[in-house]
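Note sheet for the following structure.
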Protein chains: 4
Amino acid sequence: MTQVAVVYHSGYGHTKKQAEAIAKGAQAELIAIDTSGDLTEAQWATLKTADAIIFGSPTYMGTVSWQFKKFADATSKPWFSQQWKDKVFGGFTNSASMNGDKHSTIHYFFTLAMQHSGIWLGTDVLPSNAKTAKRDDINYIGSFAGAMMQTPSDASVDEVNSGDLETARKYGERIAMFTKKMTAAVRS
Amino acid sequence: MTQVAVVYHSGYGHTKKQAEAIAKGAQAELIAIDTSGDLTEAQWATLKTADAIIFGSPTYMGTVSWQFKKFADATSKPWFSQQWKDKVFGGFTNSASMNGDKHSTIHYFFTLAMQHSGIWLGTDVLPSNAKTAKRDDINYIGSFAGAMMQTPSDASVDEVNSGDLETARKYGERIAMFTKKMTAAVRS
Amino acid sequence: MTQVAVVYHSGYGHTKKQAEAIAKGAQAELIAIDTSGDLTEAQWATLKTADAIIFGSPTYMGTVSWQFKKFADATSKPWFSQQWKDKVFGGFTNSASMNGDKHSTIHYFFTLAMQHSGIWLGTDVLPSNAKTAKRDDINYIGSFAGAMMQTPSDASVDEVNSGDLETARKYGERIAMFTKKMTAAVRS
Amino acid sequence: MTQVAVVYHSGYGHTKKQAEAIAKGAQAELIAIDTSGDLTEAQWATLKTADAIIFGSPTYMGTVSWQFKKFADATSKPWFSQQWKDKVFGGFTNSASMNGDKHSTIHYFFTLAMQHSGIWLGTDVLPSNAKTAKRDDINYIGSFAGAMMQTPSDASVDEVNSGDLETARKYGERIAMFTKKMTAAVRS
């Protein structure tokens with residue numbers, strides 16, 4: 001059976017909402033990086049067996065949070081033996097501004113996945129950017145390499161954008177479907 | 001007297017509006033890259049003597065337009081002798097989506113400026129990203145490294161966002177003021 | 001039958017050598033972007049039917065050559081209808097310095113591939129970077145997201161590095177093998 | 001009197017050597033981020049009054065170490081009030097491979113500096129990349145946006161490359177000289 005894992009850090013709960021939406025779409029297991037940037041042995045074991053790993057982090061000061069980076073640094077262990085080679089990877093991020101350097105975070109996720117000799121899958125939804133576009137349209141923000149969410153700086157966890165959540169859910173669905181079709185074939 | 005030059009390419013006129021706003025703020029000379037990606041000798045001469053050069057291009061397929069890139073490739077001539085060393089640089093871009101890989105374009109401008117041993121100046125306006133934020137606020141898009149504008153895919157040249165234009169104008173002002181104060185001191 | 005296409009621009013012939021090495025590994029068709037940045041209709045048709053597309057360009061002034069970018073801008077046509085969705089993508093670049101902003105070029109290839117809703121595959125060879133490393137080792141340069149080659153500024157086409165060529169060949173092999181296994185499964 | 005601060009994290013001591021070389025060139029104060037990613041109040045105070053801040057970190061798994069990122073996240077406090085606006089910034093990194101995604105680290109330093117409304121200064125030394133180039137030449141690696149060092153994975157702290165150290169020292173010199181000339185003028 002195909003396994004997708006969503007490994008993420010969330011500082012205040014908004015990125016957690018996005019993680020849940022992706023996990024729903026991908027029928028994935030959620031792996032929360034704790035406030036110290038650590039995972040349990042059981043969580044590392046899940047990542048080891050997963051067919052796909054989706055990275056998630058808020059964009060803080062221009063890239064992933066330090067807790068996510070601490071996790072990333074700890075992946076040097078599976079990296080040395082290339083344990084994660086040929087897994088499918090994707091990524092998502094949330095920040096307060098429409099742009100807000102989110103592209104930098106997604107590109108970091110990609111850079112990390114490539115060090116692990118992974119296969120990267122972006123979103124597959126053209127942006128909604130005509131004059132009639134609405135804020136809660138799917139991919140209103142206009143991202144390609146991963147899923148983005150924008151939440152005003154003073155918005156509560158319950159106020160995250162429904163279109164951004166749906167963008168995340170569909171991205172999860174895409175990753176799961178691709179991974180399912182691919183896994184048996186490529187690993188054969 | 002301090003000279004600022006805005007060298008830009010505009011495909012359909014929207015980025016030209018942004019260029020004009022920056023030039024207004026910086027009291028700069030506008031240098032339009034033509035549809036073949038070329039400049040005249042007189043335009044190259046202006047760049048040579050300018051104290052600051054601001055790059056502008058729409059974001060097409062994830063970075064600057066090919067016409068801008070043709071200009072950038074042609075700067076290998078001043079690059080060889082580092083003619084543009086210690087000039088002040090900045091950059092701006094327009095695209096149809098809020099995010100739309102605009103960060104990629106701004107980072108390319110920076111990469112180019114660094115090859116020329118330049119000094120880079122970003123914007124200095126915190127994003128407007130609280131719940132009460134309005135689309136035409138200054139820096140609503142939330143960019144730091146350069147100025148961004150977002151224009152719906154079906155919007156005319158006259159429909160560019162007034163807040164984005166004001167973001168550009170203020171950025172031009174910042175670059176001009178900094179360049180003025182710095183030029184005599186650094187070049188002494 | 002699986003088809004891999006290598007679409008590249010080469011200014012002086014060095015990148016062409018790298019393209020040929022990748023094409024050899026991938027048993028791919030070579031598609032050369034001409035000095036004006038154009039392709040023939042037949043070449044566009046090959047890209048349309050290819051299962052995998054590998055991008056190649058020298059790194060000029062910090063990213064792809066303008067001729068490659070002109071090609072990239074012209075891909076907005078297949079982009080609008082997402083004709084290239086779910087194709088496999090990879091990329092390679094050559095420049096005169098060890099670093100020389102080559103990462104910027106590879107990241108641009110990735111950004112472009114993501115706009116086309118593609119699947120990105122990097123190299124899968126750990127760098128050769130111990131004290132005993134030799135310049136002509138595979139992946140001596142130390143790249144992950146795509147293949148890199150370094151050719152001194154005054155080296156002839158016949159003097160390109162054999163290890164860098166082998167890095168390219170193996171990357172082509174990896175892309176072809178993955179594409180072959182995946183194609184039937186994913187497109188079913 | 002002009003003050004330059006070099007704030008850096010070093011995991012095994014190699015990046016510390018690079019930091020010392022830059023500090024020597026810039027006559028700068030060294031501020032070491034500890035193994036927990038923290039600074040003392042006195043160190044934060046030094047950064048507050050510094051005219052220039054130079055960032056340093058090894059490249060671990062594709063960007064800065066988590067300890068550096070923890071520091072970066074903590075700069076959200078001076079960021080909110082834009083305390084660091086108009087300071088001069090630069091950056092440097094070390095990793096085991098020639099390329100090794102070092103460009104990603106330097107670009108992150110830049111992204112961080114731009115959020116702080118800083119002024120970025122790169123190196124100003126053309127790469128040594130002709131056939132006669134030697135490994136210990138200044139800027140053999142070929143970086144523009146910041147200083148790079150490459151140290152084999154099994155090299156001791158005493159085996160860091162002398163050319164890379166000199167590249168760092170000269171970069172420190174450039175930043176200090178620029179900052180000195182600029183400070184009085186711009187802050188007037």
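In the structure tokens, chains take letters A, B, ... by order of appearance, with residues numbered from 1 within each chain and ligands from 1 in the order shown.
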At most 12 Å is the cut-off: for each residue in chain B with any atom that close to an atom of chain A, write down the nearest atom pair and the distance in Å rounded to one decimal, counting only C-alpha atoms, chain first then increasing number, as a tab-separated table.
```
residue	atom	partner	partner_atom	distance
B:Met61	CA	A:Phe144	CA	10.7
B:Gly62	CA	A:Phe144	CA	9.6
B:Ser95	CA	A:Asn129	CA	9.6
B:Ala96	CA	A:Asn129	CA	6.0
B:Ser97	CA	A:Gly142	CA	5.1
B:Met98	CA	A:Ile141	CA	5.1
B:Asn99	CA	A:Asn99	CA	5.1
B:Gly100	CA	A:Gly142	CA	4.9
B:Asp101	CA	A:His103	CA	6.6
B:Lys102	CA	A:Asn99	CA	8.2
B:His103	CA	A:His103	CA	6.3
B:Ser104	CA	A:His103	CA	7.5
B:Thr105	CA	A:His103	CA	10.9
B:Ile106	CA	A:Asp101	CA	10.6
B:His107	CA	A:Ser104	CA	9.7
B:Leu126	CA	A:Ser97	CA	10.0
B:Pro127	CA	A:Ser97	CA	6.7
B:Ser128	CA	A:Ser97	CA	7.5
B:Asn129	CA	A:Pro152	CA	5.3
B:Ala130	CA	A:Pro152	CA	4.8
B:Lys131	CA	A:Pro152	CA	5.4
B:Thr132	CA	A:Pro152	CA	8.7
B:Ala133	CA	A:Pro152	CA	8.4
B:Lys134	CA	A:Pro152	CA	11.4
B:Arg135	CA	A:Met98	CA	10.5
B:Asn139	CA	A:Ser97	CA	9.2
B:Tyr140	CA	A:Ser97	CA	7.3
B:Ile141	CA	A:Met98	CA	5.1
B:Gly142	CA	A:Gly100	CA	4.9
B:Ser143	CA	A:Gly100	CA	5.7
B:Phe144	CA	A:Gly100	CA	7.7
B:Ala145	CA	A:Asp101	CA	9.1
B:Gly146	CA	A:Asp101	CA	11.2
B:Ala147	CA	A:Asn99	CA	11.2
B:Met148	CA	A:Asn99	CA	9.0
B:Met149	CA	A:Asn99	CA	10.6
B:Gln150	CA	A:Asn129	CA	9.2
B:Thr151	CA	A:Asn129	CA	8.2
B:Pro152	CA	A:Ala130	CA	4.8
B:Ser153	CA	A:Ala130	CA	5.0
B:Asp154	CA	A:Ala130	CA	5.6
B:Ala155	CA	A:Lys131	CA	6.6
B:Ser156	CA	A:Lys131	CA	10.2
B:Glu159	CA	A:Lys131	CA	9.9
B:Val160	CA	A:Lys131	CA	11.2
B:Asn161	CA	A:Lys131	CA	11.8
```
Now that the selection is made, can you save its residues with N, CA and C atoms as a short mmCIF file (atom, residue, chain, number, x, y, z; two decimals), in the first residue's frame?
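So out-v6.cif came out as:
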```
data_model
loop_
_atom_site.label_atom_id
_atom_site.label_comp_id
_atom_site.auth_asym_id
_atom_site.auth_seq_id
_atom_site.Cartn_x
_atom_site.Cartn_y
_atom_site.Cartn_z
N MET B 61 7.30 33.19 -17.88
CA MET B 61 7.73 31.79 -17.72
C MET B 61 8.81 31.65 -16.63
N GLY B 62 8.63 32.39 -15.54
CA GLY B 62 9.45 32.17 -14.36
C GLY B 62 10.67 33.04 -14.14
N SER B 95 3.77 40.74 -12.96
CA SER B 95 3.20 39.55 -13.58
C SER B 95 1.74 39.44 -13.21
N ALA B 96 1.07 38.47 -13.78
CA ALA B 96 -0.39 38.39 -13.64
C ALA B 96 -0.86 37.83 -12.30
N SER B 97 -0.01 37.01 -11.66
CA SER B 97 -0.42 36.39 -10.39
C SER B 97 0.24 37.11 -9.22
N MET B 98 -0.35 36.95 -8.05
CA MET B 98 0.19 37.56 -6.83
C MET B 98 1.62 37.08 -6.60
N ASN B 99 1.82 35.76 -6.65
CA ASN B 99 3.17 35.26 -6.49
C ASN B 99 3.79 35.12 -7.87
N GLY B 100 3.44 34.09 -8.60
CA GLY B 100 3.81 33.97 -10.00
C GLY B 100 5.31 33.97 -10.25
N ASP B 101 6.08 33.47 -9.28
CA ASP B 101 7.53 33.35 -9.46
C ASP B 101 8.24 34.69 -9.63
N LYS B 102 7.63 35.76 -9.14
CA LYS B 102 8.27 37.08 -9.25
C LYS B 102 9.57 37.15 -8.44
N HIS B 103 9.61 36.42 -7.34
CA HIS B 103 10.82 36.36 -6.51
C HIS B 103 12.01 35.86 -7.34
N SER B 104 11.74 34.95 -8.26
CA SER B 104 12.77 34.40 -9.13
C SER B 104 13.37 35.51 -10.01
N THR B 105 12.53 36.38 -10.51
CA THR B 105 12.99 37.49 -11.36
C THR B 105 13.84 38.46 -10.56
N ILE B 106 13.36 38.84 -9.38
CA ILE B 106 14.11 39.79 -8.55
C ILE B 106 15.47 39.18 -8.17
N HIS B 107 15.47 37.89 -7.84
CA HIS B 107 16.74 37.26 -7.48
C HIS B 107 17.67 37.19 -8.69
N LEU B 126 7.55 47.87 5.01
CA LEU B 126 6.97 46.61 5.49
C LEU B 126 5.68 46.34 4.73
N PRO B 127 5.36 45.06 4.52
CA PRO B 127 4.15 44.72 3.78
C PRO B 127 2.88 45.14 4.53
N SER B 128 1.86 45.42 3.78
CA SER B 128 0.54 45.65 4.37
C SER B 128 -0.19 44.32 4.32
N ASN B 129 -0.22 43.61 5.44
CA ASN B 129 -0.78 42.25 5.40
C ASN B 129 -1.64 41.90 6.61
N ALA B 130 -2.20 42.92 7.26
CA ALA B 130 -3.17 42.63 8.32
C ALA B 130 -4.54 42.41 7.67
N LYS B 131 -5.51 42.02 8.47
CA LYS B 131 -6.84 41.74 7.91
C LYS B 131 -7.47 42.97 7.26
N THR B 132 -7.08 44.12 7.72
CA THR B 132 -7.65 45.35 7.17
C THR B 132 -6.91 45.84 5.91
N ALA B 133 -5.90 45.10 5.49
CA ALA B 133 -5.12 45.52 4.32
C ALA B 133 -6.00 45.65 3.08
N LYS B 134 -5.70 46.65 2.26
CA LYS B 134 -6.43 46.86 1.01
C LYS B 134 -5.47 46.60 -0.15
N ARG B 135 -6.03 46.14 -1.26
CA ARG B 135 -5.24 45.79 -2.43
C ARG B 135 -4.36 46.92 -2.92
N ASN B 139 3.04 48.25 -0.89
CA ASN B 139 3.60 46.92 -0.62
C ASN B 139 2.58 45.91 -0.11
N TYR B 140 1.40 45.91 -0.70
CA TYR B 140 0.40 44.89 -0.38
C TYR B 140 0.93 43.51 -0.78
N ILE B 141 1.65 43.45 -1.90
CA ILE B 141 2.13 42.16 -2.40
C ILE B 141 3.11 41.53 -1.41
N GLY B 142 3.91 42.38 -0.78
CA GLY B 142 4.82 41.84 0.24
C GLY B 142 6.16 41.42 -0.34
N SER B 143 6.88 42.39 -0.89
CA SER B 143 8.20 42.13 -1.45
C SER B 143 9.24 42.94 -0.70
N PHE B 144 10.45 42.44 -0.65
CA PHE B 144 11.51 43.11 0.08
C PHE B 144 12.72 43.43 -0.81
N ALA B 145 13.09 42.50 -1.67
CA ALA B 145 14.34 42.62 -2.41
C ALA B 145 14.24 43.53 -3.63
N GLY B 146 13.03 43.87 -4.01
CA GLY B 146 12.78 44.74 -5.14
C GLY B 146 11.29 45.03 -5.19
N ALA B 147 10.87 45.80 -6.19
CA ALA B 147 9.45 46.18 -6.25
C ALA B 147 8.66 45.22 -7.13
N MET B 148 7.49 44.84 -6.67
CA MET B 148 6.62 43.94 -7.42
C MET B 148 5.29 44.61 -7.75
N MET B 149 4.76 44.26 -8.91
CA MET B 149 3.43 44.71 -9.31
C MET B 149 2.67 43.49 -9.81
N GLN B 150 1.37 43.46 -9.56
CA GLN B 150 0.55 42.36 -10.05
C GLN B 150 -0.60 42.94 -10.86
N THR B 151 -0.72 42.51 -12.09
CA THR B 151 -1.76 43.01 -12.98
C THR B 151 -2.52 41.82 -13.55
N PRO B 152 -3.84 41.76 -13.33
CA PRO B 152 -4.59 40.61 -13.86
C PRO B 152 -4.30 40.38 -15.35
N SER B 153 -4.40 39.13 -15.75
CA SER B 153 -4.02 38.73 -17.10
C SER B 153 -4.79 39.46 -18.19
N ASP B 154 -6.00 39.92 -17.87
CA ASP B 154 -6.82 40.58 -18.88
C ASP B 154 -7.00 42.07 -18.61
N ALA B 155 -6.13 42.63 -17.78
CA ALA B 155 -6.24 44.06 -17.46
C ALA B 155 -5.48 44.90 -18.48
N SER B 156 -6.03 46.05 -18.79
CA SER B 156 -5.36 46.94 -19.74
C SER B 156 -4.25 47.70 -19.03
N GLU B 159 -5.19 49.89 -16.24
CA GLU B 159 -5.77 49.27 -15.04
C GLU B 159 -4.72 48.75 -14.06
N VAL B 160 -3.48 49.15 -14.23
CA VAL B 160 -2.46 48.70 -13.28
C VAL B 160 -2.78 49.28 -11.91
N ASN B 161 -2.37 48.56 -10.85
CA ASN B 161 -2.76 48.92 -9.49
C ASN B 161 -2.05 50.17 -8.98
#
```
Next item on the list: Write out as a PyMOL selection string all residues of range 9-86 of chain D that DSSP puts in alpha helix (DSSP H) for this structure's backbone.
Entry: chain D and resi 14-26+41-49+66-74+76-80
Check: Which residue out of A:Val88, A:Ala184, A:Trp66, A:Val6 has the minimum interatomic distance to Ser36 in chain D when only C-alpha atoms are used?
Finding: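 Nearest to Ser36 in chain D: A:Trp66.
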Identify, on the basis of only C-alpha atoms, every residue whose closest approach to Asp86 in chain D does not exceed 10 Å; exclude the query and any residue fewer than 5 positions from it along the same chain; express the result as a compact mmCIF listing (two decimals) with N, CA and C atoms, in the first residue's frame.
```
# COMPACT_ATOMS: atom_id res chain seq x y z
N LEU B 121 20.11 47.55 -3.41
CA LEU B 121 19.20 48.19 -2.49
C LEU B 121 17.79 47.66 -2.73
N GLY B 122 17.16 47.12 -1.72
CA GLY B 122 15.78 46.67 -1.82
C GLY B 122 14.82 47.76 -1.39
N ASP B 124 12.06 49.42 1.31
CA ASP B 124 12.19 49.58 2.76
C ASP B 124 10.82 49.80 3.40
N PHE B 178 19.52 57.47 -1.64
CA PHE B 178 20.70 56.73 -1.19
C PHE B 178 21.88 56.99 -2.12
N ASP D 51 27.45 49.13 12.01
CA ASP D 51 27.14 49.76 10.73
C ASP D 51 27.01 48.71 9.62
N ALA D 52 27.69 47.61 9.79
CA ALA D 52 27.62 46.53 8.80
C ALA D 52 27.54 45.20 9.54
N ALA D 113 18.71 39.83 4.53
CA ALA D 113 19.16 41.22 4.60
C ALA D 113 18.13 42.17 3.99
N MET D 114 17.46 41.72 2.93
CA MET D 114 16.47 42.57 2.28
C MET D 114 15.24 42.75 3.17
N HIS D 116 15.38 43.09 6.20
CA HIS D 116 15.83 44.10 7.15
C HIS D 116 16.11 45.45 6.46
N SER D 117 15.70 45.60 5.20
CA SER D 117 15.92 46.84 4.45
C SER D 117 17.39 47.25 4.43
N GLY D 118 18.23 46.26 4.23
CA GLY D 118 19.67 46.51 4.22
C GLY D 118 20.21 46.83 2.84
N ILE D 119 21.50 47.05 2.81
CA ILE D 119 22.26 47.33 1.59
C ILE D 119 23.21 46.16 1.40
N TRP D 120 23.14 45.49 0.27
CA TRP D 120 23.96 44.29 0.08
C TRP D 120 25.20 44.57 -0.76
N THR D 183 29.00 55.44 5.67
CA THR D 183 28.23 55.62 6.89
C THR D 183 27.88 57.08 7.20
N VAL D 186 25.50 58.61 4.41
CA VAL D 186 24.11 58.14 4.31
C VAL D 186 23.32 58.43 5.57
N ARG D 187 23.97 58.35 6.71
CA ARG D 187 23.25 58.54 7.98
C ARG D 187 23.10 60.02 8.33
```
Margin query: If I take CA of Asp137 in chain A and CA of Lys181 in chain A, how far is one from the other in Å, to one decimal?
Written below: 28.3 Å
Item checked: Top pick for closest residue to Gly90 in chain D, considering D:Arg174, D:Lys24, D:Lys69, D:Lys48 and counting only C-alpha atoms ->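 Among the listed residues, the smallest separation from Gly90 in chain D belongs to D:Arg174.
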Next item on the list: Could you give me, as a VMD selection string, the residues within 10 Å of Thr46 in chain A, counting only C-alpha atoms and dropping anything in the same chain fewer than 2 positions from it?
Entry: chain A and resid 3 to 5 29 to 31 40 to 44 48 to 51 53
Can I get the selection written as a compact mmCIF listing (two decimals), in the first residue's frame, with C-alpha atoms?
```txt
# COMPACT_ATOMS: atom_id res chain seq x y z
CA GLN A 3 2.26 5.70 1.94
CA VAL A 4 2.48 9.46 1.88
CA ALA A 5 3.91 11.37 4.83
CA GLU A 29 0.13 10.51 7.73
CA LEU A 30 0.86 13.80 9.51
CA ILE A 31 4.25 14.13 11.15
CA THR A 40 10.51 10.74 17.49
CA GLU A 41 12.16 7.53 16.34
CA ALA A 42 8.74 6.28 15.24
CA GLN A 43 8.29 9.37 13.07
CA TRP A 44 11.70 8.86 11.45
CA LYS A 48 11.89 5.86 5.95
CA THR A 49 9.12 3.65 4.64
CA ALA A 50 7.04 6.38 3.01
CA ASP A 51 6.79 6.42 -0.78
CA ILE A 53 7.32 12.93 1.64
```
Next item on the list: Please measure the separation of CA of Lys87 in chain D and CA of Gln27 in chain B, giving the value in Å to one decimal.
Entry: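 CA of Lys87 in chain D sits 24.4 Å away from CA of Gln27 in chain B.
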